[in-house]
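J.: Quick one, my_file-v2.tsv (TSV, C-alpha atoms):
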chain	number	residue	atom	x	y	z
Y	1	MET	CA	52.79	22.65	49.44
Y	2	PRO	CA	49.68	20.56	50.34
Y	3	GLU	CA	49.30	17.00	49.20
Y	4	LEU	CA	48.15	17.02	45.62
Y	5	ILE	CA	45.60	14.68	44.17
Y	6	ASP	CA	45.60	13.66	40.56
Y	7	VAL	CA	42.49	14.69	39.16
Y	8	SER	CA	36.11	57.22	20.96
Y	9	GLU	CA	33.46	59.41	20.08
Y	10	ARG	CA	32.36	62.25	22.42
Y	11	GLU	CA	29.25	61.56	24.44
Y	12	GLN	CA	26.01	62.52	22.72
Y	13	PRO	CA	22.52	62.70	24.19
Y	14	TYR	CA	20.28	59.68	23.68
Y	15	SER	CA	17.82	59.81	20.83
Y	16	GLU	CA	15.83	57.20	18.95
Y	17	GLU	CA	17.60	58.20	15.74
Y	18	ARG	CA	21.04	57.69	17.31
Y	19	ALA	CA	19.96	54.41	18.88
Y	20	ALA	CA	18.94	53.11	15.46
Y	21	THR	CA	22.30	53.97	13.94
Y	22	MET	CA	24.13	52.12	16.69
Y	23	THR	CA	22.67	48.77	15.62
Y	24	ALA	CA	22.55	49.32	11.86
Y	25	PRO	CA	25.37	47.80	9.76
Y	26	PRO	CA	27.86	50.32	8.38
Y	27	GLN	CA	26.97	51.49	4.89
Y	28	ASN	CA	30.60	52.13	4.04
Y	29	PHE	CA	33.11	49.50	5.08
Y	30	ALA	CA	35.52	52.25	6.02
Y	31	ASP	CA	33.30	52.69	9.09
Y	32	ARG	CA	34.82	50.56	11.80
Y	33	PRO	CA	32.64	47.73	13.08
Y	34	GLU	CA	31.33	48.09	16.62
Y	35	GLU	CA	32.90	44.78	17.70
Y	36	SER	CA	35.91	42.90	16.41
Y	37	TYR	CA	35.76	39.25	15.48
Y	38	ASP	CA	36.68	37.01	18.43
Y	39	LEU	CA	39.56	35.07	16.90
Y	40	LEU	CA	40.63	33.38	20.11
Y	41	SER	CA	37.15	31.97	20.69
Y	42	GLU	CA	37.13	30.79	17.09
Y	43	LEU	CA	40.42	28.99	17.69
Y	44	LEU	CA	39.18	27.20	20.79
Y	45	GLN	CA	35.88	26.22	19.18
Y	46	SER	CA	37.54	25.02	15.99
Y	47	VAL	CA	40.04	22.72	17.65
Y	48	ARG	CA	37.58	21.80	20.43
Y	49	LEU	CA	40.27	22.29	23.00
Y	50	SER	CA	39.31	21.36	26.55
Y	51	GLY	CA	41.08	21.09	29.86
Y	52	ASP	CA	41.73	17.54	31.00
Y	53	ARG	CA	43.34	17.18	34.42
Y	54	ILE	CA	45.98	18.58	36.78
Y	55	VAL	CA	48.76	16.52	38.35
Y	56	GLY	CA	51.20	17.58	41.05
Y	57	HIS	CA	54.88	16.82	40.39
Y	58	ALA	CA	57.73	16.71	42.91
Y	59	ALA	CA	61.24	15.91	41.68
Y	60	PRO	CA	64.71	15.99	43.29
Y	61	GLN	CA	67.64	17.93	41.91
Y	62	SER	CA	69.03	16.60	38.61
Y	63	ALA	CA	65.80	14.75	37.85
Y	64	SER	CA	64.25	15.06	34.39
Y	65	VAL	CA	60.57	14.60	33.52
Y	66	THR	CA	59.48	14.20	29.88
Y	67	PHE	CA	56.02	15.00	28.46
Y	68	THR	CA	54.80	13.80	25.06
Y	69	ASP	CA	51.71	13.94	22.86
Y	70	MET	CA	49.67	16.36	24.94
Y	71	GLY	CA	49.05	20.05	25.33
Y	72	CYS	CA	50.60	21.02	28.67
Y	73	LEU	CA	50.54	23.85	31.18
Y	74	HIS	CA	53.15	23.98	33.94
Y	75	MET	CA	52.90	26.20	37.04
Y	76	ILE	CA	56.17	26.25	39.00
Y	77	ASP	CA	55.75	26.31	42.78
Y	78	GLU	CA	59.22	25.58	44.16
Y	79	GLY	CA	62.78	25.14	42.89
Y	80	GLU	CA	64.20	25.90	39.47
Y	81	VAL	CA	63.80	23.87	36.29
Y	82	VAL	CA	64.94	24.10	32.70
Y	83	LEU	CA	62.41	23.65	29.90
Y	84	GLN	CA	63.72	21.98	26.74
Y	85	VAL	CA	61.33	21.61	23.80
Y	86	ALA	CA	62.22	18.87	21.32
Y	87	GLY	CA	63.63	20.34	18.11
Y	88	GLU	CA	64.21	23.77	19.66
Y	89	SER	CA	67.70	25.04	20.47
Y	90	ARG	CA	66.52	27.59	23.02
Y	91	VAL	CA	65.96	26.54	26.63
Y	92	GLU	CA	63.91	28.38	29.26
Y	93	HIS	CA	64.92	28.67	32.91
Y	94	LEU	CA	61.83	28.62	35.12
Y	95	ARG	CA	61.40	29.27	38.83
Y	96	SER	CA	58.69	29.69	41.42
Y	97	GLY	CA	55.78	31.78	40.14
Y	98	ASP	CA	56.44	31.15	36.44
Y	99	PHE	CA	53.82	29.75	34.07
Y	100	VAL	CA	54.58	27.96	30.80
Y	101	LEU	CA	52.06	26.80	28.20
Y	102	LEU	CA	52.84	24.34	25.39
Y	103	PRO	CA	49.69	24.72	23.26
Y	104	ARG	CA	50.78	22.51	20.35
Y	105	GLY	CA	51.62	19.47	22.43
Y	106	ASP	CA	55.32	19.46	21.51
Y	107	GLU	CA	57.44	16.87	23.28
Y	108	HIS	CA	59.41	18.56	26.06
Y	109	SER	CA	61.22	17.94	29.33
Y	110	LEU	CA	61.63	19.75	32.64
Y	111	ASP	CA	65.09	19.27	34.16
Y	112	VAL	CA	65.50	20.19	37.83
Y	113	ILE	CA	68.60	22.35	38.36
Y	114	SER	CA	67.78	23.59	41.88
Y	115	GLY	CA	65.68	21.28	43.93
Y	116	PRO	CA	63.71	19.67	45.08
Y	117	ALA	CA	61.25	21.22	42.65
Y	118	GLN	CA	57.46	21.14	42.73
Y	119	TRP	CA	55.02	22.17	40.04
Y	120	LEU	CA	51.51	21.60	38.80
Y	121	CYS	CA	50.97	20.19	35.31
Y	122	GLY	CA	47.66	20.63	33.54
Y	123	THR	CA	46.92	18.77	30.32
Y	124	PHE	CA	44.60	19.53	27.40
Y	125	SER	CA	42.85	17.39	24.85
Y	126	ILE	CA	42.07	18.33	21.25
Y	127	GLY	CA	38.64	17.12	20.16
Y	128	ASP	CA	39.24	17.74	16.46
Y	129	PRO	CA	42.73	16.73	15.30
Y	130	GLN	CA	41.81	17.84	11.76
Y	131	ALA	CA	41.77	21.46	12.99
Y	132	SER	CA	44.89	21.25	15.14
Y	133	HIS	CA	46.86	23.13	12.47
Y	134	LEU	CA	45.42	26.31	14.00
Y	135	LEU	CA	47.39	25.65	17.17
Y	136	GLY	CA	50.44	25.17	14.96
Y	137	SER	CA	50.49	28.91	14.35
Y	138	LEU	CA	51.21	29.50	18.04
Y	139	PRO	CA	54.77	29.28	19.41
Y	140	PRO	CA	55.89	25.94	20.88
Y	141	ALA	CA	56.08	27.45	24.36
Y	142	ILE	CA	54.55	30.56	25.93
Y	143	VAL	CA	56.39	31.61	29.10
Y	144	LEU	CA	55.01	34.16	31.56
Y	145	ARG	CA	57.46	35.03	34.31
Y	146	GLY	CA	55.55	35.71	37.49
Y	147	GLY	CA	58.67	34.95	39.50
Y	148	ASP	CA	60.36	38.11	38.19
Y	149	MET	CA	57.64	40.46	39.41
Y	150	ALA	CA	57.97	42.56	42.53
Y	151	ASP	CA	54.98	42.44	44.87
Y	152	GLY	CA	53.94	45.97	43.97
Y	153	GLY	CA	54.26	45.62	40.21
Y	154	LYS	CA	52.46	42.47	39.19
Y	155	ALA	CA	50.65	42.54	35.87
Y	156	ASP	CA	46.91	41.97	35.60
Y	157	TRP	CA	47.48	38.64	33.93
Y	158	PHE	CA	49.52	37.40	36.87
Y	159	GLU	CA	46.82	38.17	39.40
Y	160	GLY	CA	44.25	36.32	37.30
Y	161	LEU	CA	46.49	33.29	36.85
Y	162	GLU	CA	47.29	33.16	40.56
Y	163	VAL	CA	43.59	33.13	41.42
Y	164	ALA	CA	43.00	30.31	38.93
Y	165	ARG	CA	45.97	28.36	40.29
Y	166	ARG	CA	44.72	28.65	43.87
Y	167	MET	CA	41.28	27.47	42.79
Y	168	ALA	CA	42.84	24.45	41.11
Y	169	VAL	CA	44.80	23.58	44.26
Y	170	LEU	CA	41.64	23.82	46.37
Y	171	GLU	CA	39.82	21.43	44.05
Y	172	MET	CA	42.75	19.02	44.19
Y	173	GLN	CA	42.96	19.21	48.00
Y	174	SER	CA	39.27	18.63	48.58
Y	175	PRO	CA	37.75	16.94	45.55
Y	176	SER	CA	33.98	16.79	45.51
Y	177	GLN	CA	31.11	16.35	43.11
Y	178	GLY	CA	31.89	18.36	39.98
Y	179	SER	CA	35.61	18.72	40.69
Y	180	ALA	CA	36.62	17.20	37.36
Y	181	VAL	CA	34.54	19.77	35.47
Y	182	MET	CA	35.80	22.59	37.71
Y	183	ILE	CA	39.42	21.67	36.99
Y	184	ALA	CA	38.71	21.42	33.26
Y	185	ARG	CA	37.16	24.90	33.27
Y	186	ILE	CA	40.02	26.33	35.32
Y	187	LEU	CA	42.50	24.97	32.77
Y	188	ASP	CA	40.46	26.56	29.97
Y	189	VAL	CA	40.63	29.93	31.78
Y	190	ILE	CA	44.39	29.67	32.33
Y	191	PHE	CA	44.96	28.74	28.67
Y	192	ILE	CA	42.96	31.77	27.49
Y	193	GLN	CA	44.65	34.14	29.94
Y	194	MET	CA	48.11	33.00	28.91
Y	195	VAL	CA	47.46	33.26	25.19
Y	196	ARG	CA	45.92	36.72	25.70
Y	197	ALA	CA	48.92	37.92	27.72
Y	198	TRP	CA	51.36	36.59	25.14
Y	199	ALA	CA	49.48	37.95	22.10
Y	200	SER	CA	49.12	41.45	23.56
Y	201	SER	CA	52.76	41.72	24.67
Y	202	ALA	CA	55.20	43.93	22.81
Y	203	ASP	CA	57.59	41.07	22.13
Y	204	ALA	CA	55.01	38.66	20.67
Y	205	GLU	CA	56.26	37.14	17.44
Y	206	PRO	CA	54.22	37.85	14.27
Y	207	ASN	CA	51.02	35.82	14.42
Y	208	TRP	CA	47.35	36.10	13.45
Y	209	LEU	CA	46.31	36.30	17.10
Y	210	ALA	CA	48.89	38.97	17.89
Y	211	GLY	CA	47.50	40.87	14.89
Y	212	ALA	CA	44.01	40.65	16.36
Y	213	PHE	CA	45.19	42.68	19.36
Y	214	ASP	CA	46.44	45.47	17.08
Y	215	PRO	CA	43.76	48.21	17.07
Y	216	GLN	CA	44.06	48.74	13.31
Y	217	ILE	CA	45.10	45.37	11.88
Y	218	GLY	CA	42.46	43.74	14.05
Y	219	VAL	CA	39.82	45.51	11.95
Y	220	ALA	CA	41.13	43.88	8.77
Y	221	LEU	CA	41.29	40.45	10.39
Y	222	SER	CA	37.73	40.85	11.61
Y	223	ALA	CA	36.60	41.70	8.09
Y	224	ILE	CA	38.32	38.68	6.57
Y	225	HIS	CA	36.93	36.27	9.15
Y	226	ARG	CA	33.40	37.67	8.96
Y	227	ASP	CA	33.28	37.33	5.17
Y	228	PRO	CA	36.09	35.14	3.76
Y	229	CYS	CA	34.15	34.71	0.51
Y	230	HIS	CA	34.52	38.41	-0.32
Y	231	ASP	CA	37.24	39.24	-2.83
Y	232	TRP	CA	39.18	41.45	-0.44
Y	233	THR	CA	41.85	43.71	-1.90
Y	234	VAL	CA	44.71	45.35	-0.04
Y	235	GLU	CA	43.23	48.75	-0.88
Y	236	GLU	CA	39.86	47.83	0.58
Y	237	LEU	CA	41.33	46.44	3.78
Y	238	ALA	CA	43.66	49.42	4.14
Y	239	ARG	CA	40.70	51.77	3.81
Y	240	ALA	CA	38.85	49.87	6.52
Y	241	CYS	CA	41.84	50.39	8.82
Y	242	ASN	CA	42.22	54.08	7.91
Y	243	LEU	CA	45.72	53.42	6.62
Y	244	SER	CA	47.46	53.97	3.32
Y	245	ARG	CA	47.96	50.89	1.17
Y	246	SER	CA	51.71	50.76	1.82
Y	247	SER	CA	51.40	51.42	5.56
Y	248	PHE	CA	48.71	48.77	5.89
Y	249	ALA	CA	50.65	46.13	3.97
Y	250	ALA	CA	53.79	46.74	6.03
Y	251	ARG	CA	51.93	46.75	9.35
Y	252	PHE	CA	49.90	43.66	8.47
Y	253	GLY	CA	53.04	41.72	7.60
Y	254	ALA	CA	54.80	42.85	10.77
Y	255	ARG	CA	51.89	41.89	13.05
Y	256	VAL	CA	50.53	38.78	11.32
Y	257	GLY	CA	53.69	37.42	9.71
Y	258	ARG	CA	52.24	36.93	6.23
Y	259	PRO	CA	50.76	39.16	3.46
Y	260	PRO	CA	47.00	39.87	3.47
Y	261	ALA	CA	46.34	37.72	0.39
Y	262	THR	CA	48.10	34.73	1.94
Y	263	TYR	CA	46.18	35.13	5.15
Y	264	LEU	CA	42.88	35.38	3.26
Y	265	ALA	CA	43.65	32.12	1.46
Y	266	HIS	CA	44.44	30.50	4.82
Y	267	VAL	CA	41.09	31.56	6.29
Y	268	ARG	CA	39.17	30.45	3.19
Y	269	LEU	CA	40.67	26.97	3.26
Y	270	HIS	CA	40.10	26.58	6.98
Y	271	THR	CA	36.46	27.61	6.49
Y	272	ALA	CA	36.26	25.01	3.74
Y	273	THR	CA	37.36	22.26	6.16
Y	274	GLU	CA	34.50	23.18	8.48
Y	275	LEU	CA	31.97	23.00	5.63
Y	276	LEU	CA	33.39	19.71	4.39
Y	277	ARG	CA	33.29	18.20	7.87
Y	278	ASP	CA	29.93	19.49	9.08
Y	279	THR	CA	27.72	19.58	5.98
Y	280	GLN	CA	26.82	17.58	2.88
Y	281	LEU	CA	27.43	20.50	0.55
Y	282	SER	CA	29.03	19.45	-2.71
Y	283	ILE	CA	32.67	20.33	-3.37
Y	284	ALA	CA	31.58	22.86	-5.98
Y	285	VAL	CA	29.25	24.61	-3.53
Y	286	VAL	CA	31.92	24.63	-0.81
Y	287	ALA	CA	34.35	26.17	-3.29
Y	288	LYS	CA	31.86	28.93	-4.08
Y	289	ARG	CA	31.04	29.51	-0.42
Y	290	VAL	CA	34.69	30.25	0.37
Y	291	GLY	CA	35.35	32.54	-2.56
Y	292	TYR	CA	36.73	30.31	-5.33
Y	293	GLU	CA	35.39	30.79	-8.85
Y	294	SER	CA	35.94	27.17	-9.87
Y	295	GLU	CA	35.98	23.81	-8.21
Y	296	ALA	CA	39.27	22.98	-9.91
Y	297	ALA	CA	41.04	26.05	-8.49
Y	298	PHE	CA	39.67	25.26	-5.04
Y	299	SER	CA	40.75	21.62	-5.21
Y	300	ARG	CA	44.28	22.59	-6.24
Y	301	ALA	CA	44.60	25.10	-3.42
Y	302	PHE	CA	43.13	22.68	-0.90
Y	303	LYS	CA	45.48	19.86	-1.89
Y	304	ASN	CA	48.48	22.19	-1.76
Y	305	ARG	CA	47.52	23.14	1.80
Y	306	TYR	CA	46.35	19.84	3.29
Y	307	GLY	CA	48.10	17.33	1.05
Y	308	THR	CA	44.91	15.63	-0.12
Y	309	PRO	CA	41.91	16.51	-2.32
Y	310	PRO	CA	38.84	17.91	-0.50
Y	311	ALA	CA	36.67	14.83	-1.17
Y	312	HIS	CA	39.28	12.52	0.35
Y	313	TRP	CA	39.83	14.90	3.28
Y	314	ARG	CA	36.08	14.84	3.95
Y	315	ARG	CA	35.94	11.04	4.02
Y	316	GLU	CA	38.90	10.81	6.37
Y	317	ALA	CA	37.57	13.54	8.65
Y	318	TYR	CA	34.22	11.87	9.07
Y	319	ALA	CA	35.67	8.37	9.37
Y	320	SER	CA	37.95	9.60	12.19
Y	321	THR	CA	34.87	10.46	14.25
Y	322	GLY	CA	33.53	6.90	13.95
Y	323	GLY	CA	30.62	7.98	11.79
Y	324	GLY	CA	31.49	6.18	8.56
Y	325	THR	CA	32.28	8.13	5.44
Y	326	LYS	CA	29.35	10.54	5.11
Y	327	PRO	CA	28.76	13.64	7.25
Y	328	PRO	CA	25.36	14.34	8.82
Y	329	PRO	CA	23.07	16.82	7.06
Y	330	VAL	CA	23.46	20.30	8.49
Y	331	GLY	CA	21.30	22.86	6.79
Y	332	PRO	CA	20.14	22.80	3.19
Y	333	ALA	CA	22.66	21.46	0.68
Y	334	ARG	CA	22.40	24.18	-1.87
Is it possible to express this structure as structure tokens?
T.:
Amino acid sequence: MPELIDVSEREQPYSEERAATMTAPPQNFADRPEESYDLLSELLQSVRLSGDRIVGHAAPQSASVTFTDMGCLHMIDEGEVVLQVAGESRVEHLRSGDFVLLPRGDEHSLDVISGPAQWLCGTFSIGDPQASHLLGSLPPAIVLRGGDMADGGKADWFEGLEVARRMAVLEMQSPSQGSAVMIARILDVIFIQMVRAWASSADAEPNWLAGAFDPQIGVALSAIHRDPCHDWTVEELARACNLSRSSFAARFGARVGRPPATYLAHVRLHTATELLRDTQLSIAVVAKRVGYESEAAFSRAFKNRYGTPPAHWRREAYASTGGGTKPPPVGPAR
């Protein structure tokens, strides 16, 4: 390894009438939207996650390296290591070609069991700690085992990750103007590719992002995220997915891990945090914007979720950015 430097409709003929219907909003919500809501992009934008740097590690057999307080990505090049996440009983054995992502920044260690071992470690920073609870819905560690794949049967995700890894190594070997930004972007790409591969896999644990990859449940999630203020019912969402009420409820719970009403409340409160942080809208107006009939009901729900009333949350959120206690005006406060 080189020296590493820290741094389904049938086709129809075209017509003006058909073209107009392709861009018009559906009149009946049971019509599926042309595009689903991009939940992964929303996640990354909300937490303001960005790649930081990549460091090469080389450790002899029996060595142990601990990582704390940072989102990490490890790409194993040589040897075998054991991943132990703090507070988790399960350990993961990793070898050459494996990728592991720790999106939440859990404390963890890599113990070398067959060495010497070499790996690359990329780190991430979270620009908005107030929104980091979104990452909390992801598993502590996402492991993709490239080392288990035969040369003729490698998955698409592995090819993409290998290309990104080689690009990172090239930038580390020969750093030049813009290398820091290149490495940050490469880390962003690897993060997205790994989360995509995990969420679309058959063994992904119930999660909102895994639900987004479901062709039917993804429709309901898109609807909720596009209009969290709407008083969505299970019947309405089931109809949008072309499922019966019972089938929809069971499938939603299996894919997302929580009932539709609970998920709707989660999205509404998260949307409220964005309005509280980025605008000067009053608490009453924020409550109305996210679907609550009264400020009191909203404040109770908000405190139950975040442990503090919305007004206090707003002051703390803005103070944490160094801007005092009042957010900047964004749009009309009405």
J.: Could you check how far atom CA of Y:Val81 sits from atom CA of Y:Phe67, in Å to one decimal?
T.: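 Between these atoms lies a distance of 14.2 Å.
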J.: Could you work out how far atom CA of Y:Glu107 lies from atom CA of Y:Glu171, giving the answer in Å with one decimal?
T.: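 The value is 27.6 Å.
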J.: With the cut-off set at 8 Å and counting only C-alpha atoms, tabulate each residue of stretch 56-153 of chain Y with an atom at most that distance from an atom of stretch 192-209 of chain Y, showing the nearest atom pair and its distance in Å to one decimal, ordered by chain and increasing number, as JSON lines.
T.:
{"residue": "Y:Leu101", "atom": "CA", "partner": "Y:Met194", "partner_atom": "CA", "distance": 7.4}
{"residue": "Y:Ser137", "atom": "CA", "partner": "Y:Asn207", "partner_atom": "CA", "distance": 6.9}
{"residue": "Y:Leu138", "atom": "CA", "partner": "Y:Asn207", "partner_atom": "CA", "distance": 7.3}
{"residue": "Y:Ile142", "atom": "CA", "partner": "Y:Trp198", "partner_atom": "CA", "distance": 6.9}
{"residue": "Y:Leu144", "atom": "CA", "partner": "Y:Met194", "partner_atom": "CA", "distance": 7.5}
J.: Y:Asp52, Y:Asp278, Y:Ala58, Y:Thr273: which is nearest Y:Phe298, counting only C-alpha atoms?
T.: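 Nearest candidate to Y:Phe298 out of Y:Asp52, Y:Asp278, Y:Ala58, Y:Thr273: Y:Thr273.
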J.: Which value, in Å to one decimal, gives the distance between atom CA of Y:Pro139 and atom CA of Y:Tyr306?
T.: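 Between atom CA of Y:Pro139 and atom CA of Y:Tyr306 the gap works out to 20.5 Å.
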J.: Neighbouring residues of stretch 262-265 of chain Y were defined as those with any atom within 7 Å, considering only C-alpha atoms; residues of the same chain fewer than 3 positions away were excluded. Please report them as a PyMOL selection string.
T.: chain Y and resi 224+228+258-259+268-269
J.: Could you write those residues out with C-alpha atoms, as a short mmCIF file (atom, residue, chain, number, x, y, z; two decimals), keeping the file's coordinate frame?
T.:
data_model
loop_
_atom_site.label_atom_id
_atom_site.label_comp_id
_atom_site.auth_asym_id
_atom_site.auth_seq_id
_atom_site.Cartn_x
_atom_site.Cartn_y
_atom_site.Cartn_z
CA ILE Y 224 38.32 38.68 6.57
CA PRO Y 228 36.09 35.14 3.76
CA ARG Y 258 52.24 36.93 6.23
CA PRO Y 259 50.76 39.16 3.46
CA ARG Y 268 39.17 30.45 3.19
CA LEU Y 269 40.67 26.97 3.26
#
J.: My list of candidates is Y:Ile54, Y:Ala63, Y:Thr279, Y:Glu80. Which is closest to Y:Leu170 when distances are computed with only C-alpha atoms?
T.: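 Closest to Y:Leu170 of all the choices is Y:Ile54.
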J.: Give the answer as one residue: which of Y:Leu102, Y:Ile126, Y:Val290, Y:Ala319 has the shortest atom-to-atom distance to Y:Arg277, using all atoms listed in the file?
T.: Y:Ala319
J.: Go through Y:Asp231, Y:Gly122, Y:His312, Y:Phe302 and flag the residue nearest Y:Arg185, using all atoms listed in the file for the distances.
T.: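 Once distances to Y:Arg185 are computed over all atoms listed in the file, the minimum belongs to Y:Gly122.
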J.: Ranking Y:Gly218, Y:Gly253, Y:Gly97, Y:Gly71 by minimum distance to Y:Val143 and counting only C-alpha atoms, which one comes first?
T.: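 Of the candidates, the smallest distance to Y:Val143 is held by Y:Gly97.
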J.: Might you pull out every residue within 12 Å of Y:Arg166, with only C-alpha atoms counted and same-chain residues fewer than 4 positions away left off, and present them as number ranges by chain?
T.: Y: 1-2, 75, 77, 120, 159-162, 170-173, 183, 186-187, 190
